[in-house]
>>> print(open('input-v9.tsv').read())   # TSV, C-alpha atoms
chain	number	residue	atom	x	y	z
U	27	MET	CA	80.96	213.33	75.96
U	28	ARG	CA	78.89	210.95	73.93
U	29	ALA	CA	78.37	213.53	71.18
U	30	ARG	CA	82.05	214.32	71.11
U	31	VAL	CA	83.02	210.76	70.51
U	32	SER	CA	80.34	209.70	68.13
U	33	SER	CA	80.35	212.80	65.94
U	34	GLY	CA	83.86	212.09	64.81
U	35	THR	CA	84.41	215.71	63.85
U	36	ARG	CA	86.18	217.20	66.85
U	37	ARG	CA	89.55	215.60	67.43
U	38	THR	CA	90.57	214.80	70.96
U	39	PRO	CA	93.77	212.93	71.76
U	40	ALA	CA	93.31	209.18	72.22
U	41	PRO	CA	93.67	208.43	75.91
U	42	SER	CA	96.92	206.68	76.63
U	43	LEU	CA	97.03	203.85	79.12
U	44	PRO	CA	98.76	204.79	82.36
U	45	GLN	CA	101.99	203.20	83.47
U	46	ILE	CA	101.39	199.65	84.59
U	47	ASN	CA	104.70	198.72	86.20
U	48	GLY	CA	104.44	197.71	89.80
U	49	ALA	CA	100.65	197.86	89.87
U	50	PRO	CA	98.39	194.93	90.82
U	51	HIS	CA	97.99	192.47	87.94
U	52	ALA	CA	100.95	194.13	86.23
U	53	ARG	CA	102.11	190.65	85.24
U	54	HIS	CA	99.21	190.39	82.78
U	55	GLU	CA	100.38	191.75	79.47
U	56	ILE	CA	98.15	189.76	77.15
U	57	ILE	CA	94.50	190.29	77.98
U	58	LEU	CA	91.42	188.59	76.56
U	59	GLY	CA	88.09	190.40	76.67
U	60	VAL	CA	84.92	188.38	76.02
U	61	ASP	CA	81.37	189.60	75.53
U	62	PRO	CA	79.36	186.36	75.40
U	63	SER	CA	76.00	185.91	73.75
U	64	VAL	CA	74.50	182.87	72.07
U	65	ARG	CA	74.20	184.42	68.59
U	66	GLY	CA	77.21	186.76	68.62
U	67	THR	CA	80.05	186.42	71.11
U	68	GLY	CA	82.60	189.21	70.81
U	69	PHE	CA	86.21	188.59	71.71
U	70	GLY	CA	89.48	190.45	71.52
U	71	ILE	CA	93.02	189.94	72.76
U	72	ILE	CA	95.30	192.90	73.35
U	73	ARG	CA	98.98	193.04	74.25
U	74	LEU	CA	100.10	195.92	76.42
U	75	ALA	CA	102.83	197.81	74.59
U	76	LYS	CA	104.26	201.28	74.04
U	77	PRO	CA	103.16	203.68	72.74
U	78	HIS	CA	99.75	201.97	72.78
U	79	PRO	CA	98.31	198.49	73.30
U	80	VAL	CA	98.03	196.36	70.18
U	81	VAL	CA	95.30	193.99	69.08
U	82	LEU	CA	96.47	190.43	68.52
U	83	VAL	CA	93.08	189.16	67.41
U	84	GLN	CA	89.48	190.27	67.56
U	85	GLY	CA	86.23	189.08	66.14
U	86	THR	CA	82.68	187.89	66.66
U	87	ILE	CA	81.57	184.27	66.88
U	88	HIS	CA	78.37	184.37	64.87
U	89	CYS	CA	75.80	181.60	65.16
U	90	PRO	CA	72.88	181.63	62.70
U	91	ALA	CA	69.39	182.03	64.15
U	92	GLY	CA	68.49	178.58	62.81
U	93	TRP	CA	71.11	176.79	64.91
U	94	GLU	CA	70.08	174.95	68.05
U	95	ARG	CA	71.31	176.72	71.16
U	96	SER	CA	73.51	173.82	72.21
U	97	ARG	CA	75.27	173.90	68.83
U	98	CYS	CA	76.01	177.60	69.35
U	99	LEU	CA	77.43	176.91	72.80
U	100	ALA	CA	79.75	174.22	71.45
U	101	ARG	CA	80.85	176.60	68.68
U	102	ILE	CA	81.60	179.40	71.18
U	103	ALA	CA	83.67	177.08	73.37
U	104	GLN	CA	85.56	175.68	70.38
U	105	GLU	CA	86.37	179.06	68.82
U	106	LEU	CA	87.64	180.50	72.09
U	107	ARG	CA	89.69	177.35	72.71
U	108	ASP	CA	91.27	177.66	69.25
U	109	THR	CA	91.91	181.36	69.74
U	110	LEU	CA	93.65	180.80	73.07
U	111	ARG	CA	95.80	178.09	71.54
U	112	LYS	CA	97.14	180.65	69.07
U	113	HIS	CA	97.36	183.65	71.40
U	114	LYS	CA	98.52	182.96	74.92
U	115	ALA	CA	96.55	185.40	77.01
U	116	THR	CA	97.00	185.06	80.76
U	117	VAL	CA	93.88	186.87	81.94
U	118	CYS	CA	90.28	187.13	80.78
U	119	VAL	CA	87.81	189.91	81.46
U	120	ILE	CA	84.07	189.46	81.17
U	121	GLU	CA	81.10	191.67	81.99
U	122	GLY	CA	79.97	191.70	85.60
U	123	LEU	CA	76.42	192.34	86.79
U	124	PHE	CA	74.35	193.41	83.84
U	125	TYR	CA	70.82	193.96	82.82
U	126	ALA	CA	68.60	191.30	81.27
U	127	GLN	CA	65.01	191.72	80.15
U	128	ASN	CA	63.73	188.71	82.06
U	129	LEU	CA	64.79	185.47	83.72
U	130	GLN	CA	64.67	183.47	80.51
U	131	THR	CA	66.98	185.92	78.75
U	132	ALA	CA	69.28	185.92	81.77
U	133	ILE	CA	69.52	182.13	81.72
U	134	ILE	CA	70.31	182.08	78.01
U	135	MET	CA	72.94	184.81	78.40
U	136	GLY	CA	74.31	182.82	81.33
U	137	GLU	CA	74.61	179.76	79.11
U	138	ALA	CA	76.78	181.68	76.65
U	139	ARG	CA	78.90	182.93	79.54
U	140	GLY	CA	79.26	179.38	80.88
U	141	ALA	CA	80.34	178.06	77.49
U	142	SER	CA	82.92	180.84	77.19
U	143	LEU	CA	84.21	180.49	80.74
U	144	VAL	CA	84.78	176.74	80.39
U	145	SER	CA	87.22	177.26	77.52
U	146	VAL	CA	88.91	180.17	79.22
U	147	ALA	CA	89.25	178.41	82.57
U	148	GLU	CA	90.49	175.21	80.94
U	149	ALA	CA	93.16	177.27	79.15
U	150	GLY	CA	94.37	178.35	82.60
U	151	LEU	CA	93.55	182.07	82.45
U	152	GLU	CA	92.64	184.09	85.52
U	153	ILE	CA	89.13	185.47	85.05
U	154	PHE	CA	87.79	188.83	86.22
U	155	GLU	CA	84.48	190.63	85.95
U	156	ILE	CA	84.01	194.36	85.42
U	157	ALA	CA	80.56	195.95	85.46
U	158	PRO	CA	79.44	197.43	82.10
U	159	ARG	CA	79.09	200.94	83.51
U	160	LYS	CA	82.65	200.84	84.78
U	161	VAL	CA	83.88	199.74	81.38
U	162	LYS	CA	82.14	202.64	79.67
U	163	GLN	CA	83.37	205.00	82.34
U	164	ALA	CA	86.93	203.80	81.78
U	165	ILE	CA	86.80	203.97	77.98
U	166	VAL	CA	84.50	206.87	77.16
U	167	GLY	CA	84.48	208.63	80.51
U	168	TYR	CA	80.71	208.28	80.80
U	169	GLY	CA	78.93	205.24	82.27
U	170	GLY	CA	75.90	205.63	80.05
U	171	ALA	CA	77.84	205.80	76.78
U	172	GLN	CA	76.29	204.22	73.73
U	173	LYS	CA	77.76	201.26	71.87
U	174	LEU	CA	78.93	203.34	68.93
U	175	ALA	CA	80.80	205.72	71.21
U	176	VAL	CA	82.57	202.78	72.84
U	177	ALA	CA	83.49	201.28	69.46
U	178	LYS	CA	84.93	204.57	68.21
U	179	MET	CA	87.00	205.13	71.32
U	180	VAL	CA	88.26	201.54	71.20
U	181	GLN	CA	89.28	202.16	67.61
U	182	ARG	CA	91.26	205.23	68.60
U	183	MET	CA	92.87	203.72	71.68
U	184	LEU	CA	94.07	200.73	69.67
U	185	HIS	CA	94.83	202.71	66.49
U	186	LEU	CA	92.64	200.47	64.37
U	187	PRO	CA	91.87	201.42	60.76
U	188	GLU	CA	88.13	201.16	61.45
U	189	PRO	CA	85.80	200.60	64.42
U	190	PRO	CA	85.47	196.94	65.39
U	191	GLU	CA	82.11	195.18	65.08
U	192	PRO	CA	79.95	196.12	68.10
U	193	ASP	CA	80.39	192.84	70.00
U	194	ALA	CA	84.13	192.73	69.37
U	195	ALA	CA	84.37	196.39	70.38
U	196	ASP	CA	82.70	195.59	73.71
U	197	ALA	CA	85.15	192.76	74.26
U	198	LEU	CA	88.14	194.98	73.48
U	199	ALA	CA	86.71	197.66	75.76
U	200	LEU	CA	86.66	195.12	78.61
U	201	ALA	CA	90.31	194.27	77.99
U	202	LEU	CA	91.27	197.96	77.86
U	203	ALA	CA	89.28	198.75	80.98
U	204	PHE	CA	91.05	195.93	82.81
U	205	ALA	CA	94.40	197.31	81.72
U	206	GLN	CA	93.42	200.70	83.11
U	207	GLU	CA	92.02	199.31	86.36
U	208	SER	CA	95.15	197.25	86.85
U	209	SER	CA	97.38	200.20	86.29
U	210	ARG	CA	96.42	202.01	89.44
U	211	TYR	CA	95.82	201.13	93.02
U	212	THR	CA	92.10	201.15	93.46
U	213	PHE	CA	89.58	200.25	96.10
U	214	ALA	CA	87.31	198.77	93.45
U	215	ALA	CA	89.55	196.21	91.82
U	216	PRO	CA	87.97	193.91	89.22
U	217	LYS	CA	86.25	190.96	90.83
U	218	LYS	CA	87.82	187.57	90.31
U	219	ILE	CA	85.34	184.82	89.41
V	29	MET	CA	50.01	161.61	96.12
V	30	ARG	CA	52.91	163.31	97.77
V	31	ALA	CA	52.08	161.77	101.13
V	32	ARG	CA	51.76	158.36	99.59
V	33	VAL	CA	55.20	158.49	98.10
V	34	SER	CA	57.09	160.13	100.89
V	35	SER	CA	55.55	158.20	103.77
V	36	GLY	CA	57.10	155.00	102.51
V	37	THR	CA	54.60	152.91	104.42
V	38	ARG	CA	51.92	152.15	101.86
V	39	ARG	CA	53.30	150.07	99.02
V	40	THR	CA	52.22	150.90	95.53
V	41	PRO	CA	53.64	149.14	92.51
V	42	ALA	CA	56.57	150.96	90.90
V	43	PRO	CA	55.30	152.45	87.64
V	44	SER	CA	56.69	150.60	84.67
V	45	LEU	CA	57.80	152.49	81.61
V	46	PRO	CA	55.44	152.10	78.68
V	47	GLN	CA	56.47	150.36	75.48
V	48	ILE	CA	58.85	152.52	73.51
V	49	ASN	CA	59.05	150.69	70.18
V	50	GLY	CA	57.97	152.74	67.22
V	51	ALA	CA	57.55	155.93	69.22
V	52	PRO	CA	59.37	159.19	68.48
V	53	HIS	CA	62.95	159.16	69.81
V	54	ALA	CA	62.64	155.41	70.24
V	55	ARG	CA	66.19	155.12	68.93
V	56	HIS	CA	67.50	156.61	72.18
V	57	GLU	CA	68.15	153.81	74.61
V	58	ILE	CA	70.88	155.40	76.71
V	59	ILE	CA	69.69	158.65	78.22
V	60	LEU	CA	71.64	161.25	80.18
V	61	GLY	CA	69.78	163.53	82.59
V	62	VAL	CA	71.60	166.62	83.90
V	63	ASP	CA	70.52	169.03	86.63
V	64	PRO	CA	73.18	171.75	86.46
V	65	SER	CA	74.15	174.08	89.26
V	66	VAL	CA	77.51	175.67	90.04
V	67	ARG	CA	77.98	173.97	93.42
V	68	GLY	CA	76.20	170.67	92.80
V	69	THR	CA	75.42	169.39	89.32
V	70	GLY	CA	73.41	166.17	89.35
V	71	PHE	CA	73.75	163.69	86.54
V	72	GLY	CA	72.52	160.22	85.74
V	73	ILE	CA	72.59	157.88	82.76
V	74	ILE	CA	69.96	155.20	82.33
V	75	ARG	CA	69.66	152.42	79.79
V	76	LEU	CA	66.17	151.40	78.76
V	77	ALA	CA	65.74	147.71	79.47
V	78	LYS	CA	63.18	145.13	80.54
V	79	PRO	CA	61.72	144.74	83.08
V	80	HIS	CA	62.88	148.20	84.14
V	81	PRO	CA	65.47	150.79	83.08
V	82	VAL	CA	68.89	150.44	84.69
V	83	VAL	CA	71.25	153.08	85.98
V	84	LEU	CA	74.67	153.05	84.31
V	85	VAL	CA	76.06	155.88	86.39
V	86	GLN	CA	74.75	158.62	88.62
V	87	GLY	CA	76.24	161.22	90.89
V	88	THR	CA	76.70	164.83	91.86
V	89	ILE	CA	79.57	167.07	90.80
V	90	HIS	CA	80.28	168.91	94.02
V	91	CYS	CA	82.28	172.14	94.01
V	92	PRO	CA	83.32	173.60	97.37
V	93	ALA	CA	81.94	177.03	98.27
V	94	GLY	CA	85.49	178.40	98.34
V	95	TRP	CA	86.14	177.62	94.67
V	96	GLU	CA	85.98	180.38	92.10
V	97	ARG	CA	82.95	180.03	89.86
V	98	SER	CA	85.03	179.56	86.74
V	99	ARG	CA	86.87	176.66	88.37
V	100	CYS	CA	83.52	175.02	89.12
V	101	LEU	CA	82.41	175.45	85.52
V	102	ALA	CA	85.59	173.82	84.22
V	103	ARG	CA	85.09	170.96	86.67
V	104	ILE	CA	81.48	170.42	85.58
V	105	ALA	CA	82.48	170.33	81.91
V	106	GLN	CA	85.36	167.96	82.58
V	107	GLU	CA	83.37	165.52	84.71
V	108	LEU	CA	80.55	165.29	82.20
V	109	ARG	CA	83.07	164.85	79.37
V	110	ASP	CA	84.72	161.98	81.25
V	111	THR	CA	81.38	160.41	82.08
V	112	LEU	CA	80.25	160.50	78.45
V	113	ARG	CA	83.53	158.94	77.35
V	114	LYS	CA	82.75	155.93	79.54
V	115	HIS	CA	79.00	155.71	78.93
V	116	LYS	CA	77.85	156.40	75.40
V	117	ALA	CA	74.53	158.14	75.86
V	118	THR	CA	72.89	159.42	72.69
V	119	VAL	CA	70.49	161.94	74.18
V	120	CYS	CA	70.60	164.43	77.03
V	121	VAL	CA	67.68	165.90	78.95
V	122	ILE	CA	67.92	169.10	80.94
V	123	GLU	CA	65.39	171.23	82.79
V	124	GLY	CA	63.40	173.66	80.69
V	125	LEU	CA	61.96	176.96	81.89
V	126	PHE	CA	62.40	177.16	85.63
V	127	TYR	CA	62.20	179.56	88.46
V	128	ALA	CA	65.09	181.69	89.70
V	129	GLN	CA	65.04	184.13	92.58
V	130	ASN	CA	66.50	187.00	90.58
V	131	LEU	CA	68.48	187.85	87.46
V	132	GLN	CA	71.84	187.29	89.10
V	133	THR	CA	70.85	183.80	90.21
V	134	ALA	CA	69.45	183.08	86.76
V	135	ILE	CA	72.73	184.11	85.10
V	136	ILE	CA	74.76	181.94	87.44
V	137	MET	CA	72.45	178.96	86.91
V	138	GLY	CA	72.72	179.65	83.19
V	139	GLU	CA	76.50	179.49	83.43
V	140	ALA	CA	76.32	176.01	84.94
V	141	ARG	CA	73.91	174.99	82.16
V	142	GLY	CA	76.26	176.39	79.53
V	143	ALA	CA	79.24	174.52	80.97
V	144	SER	CA	77.22	171.29	80.99
V	145	LEU	CA	75.79	171.76	77.51
V	146	VAL	CA	79.20	172.38	75.95
V	147	SER	CA	80.44	168.96	77.02
V	148	VAL	CA	77.22	167.25	76.07
V	149	ALA	CA	76.99	168.93	72.66
V	150	GLU	CA	80.66	168.26	71.92
V	151	ALA	CA	80.06	164.58	72.70
V	152	GLY	CA	77.43	164.61	69.94
V	153	LEU	CA	74.29	164.01	72.00
V	154	GLU	CA	70.91	165.39	71.02
V	155	ILE	CA	69.68	167.71	73.76
V	156	PHE	CA	66.13	168.23	74.96
V	157	GLU	CA	64.47	170.33	77.63
V	158	ILE	CA	61.54	169.28	79.81
V	159	ALA	CA	59.89	171.69	82.23
V	160	PRO	CA	60.31	170.78	85.93
V	161	ARG	CA	56.56	170.50	86.51
V	162	LYS	CA	56.26	168.04	83.65
V	163	VAL	CA	59.05	165.95	85.09
V	164	LYS	CA	57.34	165.78	88.48
V	165	GLN	CA	54.04	165.04	86.80
V	166	ALA	CA	55.63	162.19	84.87
V	167	ILE	CA	57.46	160.68	87.84
V	168	VAL	CA	55.23	161.33	90.85
V	169	GLY	CA	51.99	162.15	89.08
V	170	TYR	CA	51.84	165.59	90.68
V	171	GLY	CA	53.52	168.72	89.26
V	172	GLY	CA	54.12	170.25	92.67
V	173	ALA	CA	55.82	167.19	94.16
V	174	GLN	CA	58.63	167.76	96.62
V	175	LYS	CA	62.23	166.72	96.03
V	176	LEU	CA	62.08	163.82	98.47
V	177	ALA	CA	59.02	162.39	96.76
V	178	VAL	CA	60.80	162.54	93.42
V	179	ALA	CA	63.92	160.86	94.85
V	180	LYS	CA	61.88	158.03	96.38
V	181	MET	CA	59.95	157.39	93.19
V	182	VAL	CA	63.17	157.44	91.15
V	183	GLN	CA	64.59	154.89	93.56
V	184	ARG	CA	61.61	152.61	93.03
V	185	MET	CA	61.43	153.00	89.26
V	186	LEU	CA	65.11	152.15	88.94
V	187	HIS	CA	65.14	149.53	91.72
V	188	LEU	CA	67.97	151.26	93.55
V	189	PRO	CA	68.98	150.11	97.02
V	190	GLU	CA	68.55	153.67	98.37
V	191	PRO	CA	67.30	157.05	97.13
V	192	PRO	CA	69.89	158.94	95.07
V	193	GLU	CA	71.28	162.25	96.34
V	194	PRO	CA	68.75	165.01	95.61
V	195	ASP	CA	70.58	166.51	92.59
V	196	ALA	CA	71.30	163.11	91.08
V	197	ALA	CA	67.67	162.11	91.69
V	198	ASP	CA	66.49	165.17	89.75
V	199	ALA	CA	68.80	164.25	86.90
V	200	LEU	CA	67.56	160.65	86.83
V	201	ALA	CA	63.98	161.93	86.98
V	202	LEU	CA	64.65	163.97	83.83
V	203	ALA	CA	65.98	160.91	82.04
V	204	LEU	CA	62.98	158.81	83.14
V	205	ALA	CA	60.53	161.53	82.16
V	206	PHE	CA	62.12	161.71	78.73
V	207	ALA	CA	61.77	157.97	78.35
V	208	GLN	CA	58.08	158.24	79.21
V	209	GLU	CA	57.48	161.23	76.94
V	210	SER	CA	59.23	159.48	74.10
V	211	SER	CA	57.16	156.37	74.53
V	212	ARG	CA	53.92	157.91	73.40
V	213	TYR	CA	52.79	160.20	70.65
V	214	THR	CA	52.25	163.53	72.28
V	215	PHE	CA	51.46	167.06	71.26
V	216	ALA	CA	53.88	168.37	73.85
V	217	ALA	CA	57.09	166.64	72.88
V	218	PRO	CA	60.28	167.63	74.70
V	219	LYS	CA	61.80	170.74	73.18
V	220	LYS	CA	65.07	170.30	71.36
V	221	ILE	CA	67.70	172.92	72.20
>>> encode(input="input-v9.tsv", output="structure tokens")
Amino acid sequence: MRARVSSGTRRTPAPSLPQINGAPHARHEIILGVDPSVRGTGFGIIRLAKPHPVVLVQGTIHCPAGWERSRCLARIAQELRDTLRKHKATVCVIEGLFYAQNLQTAIIMGEARGASLVSVAEAGLEIFEIAPRKVKQAIVGYGGAQKLAVAKMVQRMLHLPEPPEPDAADALALALAFAQESSRYTFAAPKKI
Amino acid sequence: MRARVSSGTRRTPAPSLPQINGAPHARHEIILGVDPSVRGTGFGIIRLAKPHPVVLVQGTIHCPAGWERSRCLARIAQELRDTLRKHKATVCVIEGLFYAQNLQTAIIMGEARGASLVSVAEAGLEIFEIAPRKVKQAIVGYGGAQKLAVAKMVQRMLHLPEPPEPDAADALALALAFAQESSRYTFAAPKKI
């Protein structure tokens, strides 16, 4: 599966999102995905539409290595706040339980999440978590998929001219995975946080 | 040392803060200490003064266990923002490297830190970290001091009528430790973040 997606030679049809009418969370049509990290927070907002969802905005909030961490956190919060002022998403999806190398890394990743979540919560969005493996499973069909495979599939699902930057691709993948999860009745609904 | 402080029977003079003129960071006279956690973020602002520093405000931002985490984070950011609007601190001190039970706990503690740091950074304060052991060492004279011992010594140093709530006491201890650290030339200055 990974080879198929990342080789780019064999064409497979882009997966279409299932019908969402009447499903849980069906009211959410504008979905923000966020992949927070101090130096490069990916974000993307999609609007559910036919024949395929469209990207309203996507990007990466870069913070130079020389910046103090607190300055990065303020930048992340500000950029997300500005983005949500322009594009009125009603729900946000963020990664659930994930791996970190050690406690220090986990705390620093948590700080970036906290900075992101403040802006999102203050903008009134509902916030859900989906585990990274479930996102990959939903997008690529394989929980251990590599970043490039995710980016390429995101590109195809959203009919983008080129693959998004890796962090933005992860954010868009979260939004797409939420749309899929919401479209069917499932025992493992995304966790609200 | 611990017994001396927590027994409350033997009187020892409250330690006075050393002279701060001419020392590094001497320009900071209004110091915010923050001890972030999702359910109970302690904070305290002190103003350096003679004969002893005075508390401008202190408290704990409580969030009920039933609240979603993101709601707590928004509350923490909002309360600190409001507090800094009323009391113009110029520097903030937060715990440095600390212990967490596991990665999940570390991420969640990190989220509370991120929410706090966004408000503090957006209010323009400089932000420093001091390790918990160094705070206890500075306040109680013993790096392994217990919370109650810290709270009692904070009470005495600030001439408070009663010991602050534990989280607020930790926050005030951070501010006091910063004042002490700043008052002398040291090879282990607080780390700016």
>>> closest_residue(input="input-v9.tsv", among="U:Cys89, U:Val176, U:Val117, U:Ala171", to="Glu55 (chain U)", atoms="only C-alpha atoms")
U:Val117
>>> residues_around(input="input-v9.tsv", residues="region 61-67 of chain V", least_positions_apart="2", cutoff="8 Å", atoms="only C-alpha atoms", output="JSON, numbers by chain")
{"V": [59, 69, 70, 71, 72, 73, 89, 90, 91, 92, 93, 97, 100, 101, 104, 120, 121, 122, 123, 136, 137, 139, 140, 141, 144, 195, 196, 198, 199, 200, 201, 202, 203]}
>>> atom_distance(input="input-v9.tsv", atom1="CA of Pro160 (chain V)", atom2="CA of Phe126 (chain V)")
6.7 Å
>>> residues_around(input="input-v9.tsv", residues="His56 (chain V)", least_positions_apart="5", cutoff="9 Å", atoms="only C-alpha atoms", output="number ranges by chain")
V: 75-76, 117-119, 207, 210
>>> interface_residues(input="input-v9.tsv", of="chain V", to="chain U", cutoff="10 Å", atoms="all atoms listed in the file", output="ChimeraX atom specification")
/V:95-106,124-156,220-221
>>> atom_distance(input="input-v9.tsv", atom1="CA of Ala75 (chain U)", atom2="CA of Gly167 (chain U)")
22.1 Å
>>> residues_near_point(input="input-v9.tsv", point="(64.0, 156.6, 87.7)", cutoff="8 Å", atoms="all atoms listed in the file", output="number ranges by chain")
V: 81, 167, 181-186, 197, 200-201, 203-204
>>> atom_distance(input="input-v9.tsv", atom1="CA of Val83 (chain U)", atom2="CA of Glu105 (chain U)")
12.2 Å
>>> closest_residue(input="input-v9.tsv", among="U:Ile56, U:Lys217, U:Lys162, U:Pro192", to="Thr86 (chain U)", atoms="only C-alpha atoms")
U:Pro192
>>> residues_near_point(input="input-v9.tsv", point="(75.7, 204.8, 83.1)", cutoff="6 Å", atoms="only C-alpha atoms", output="PyMOL selection string")
chain U and resi 159+169-170
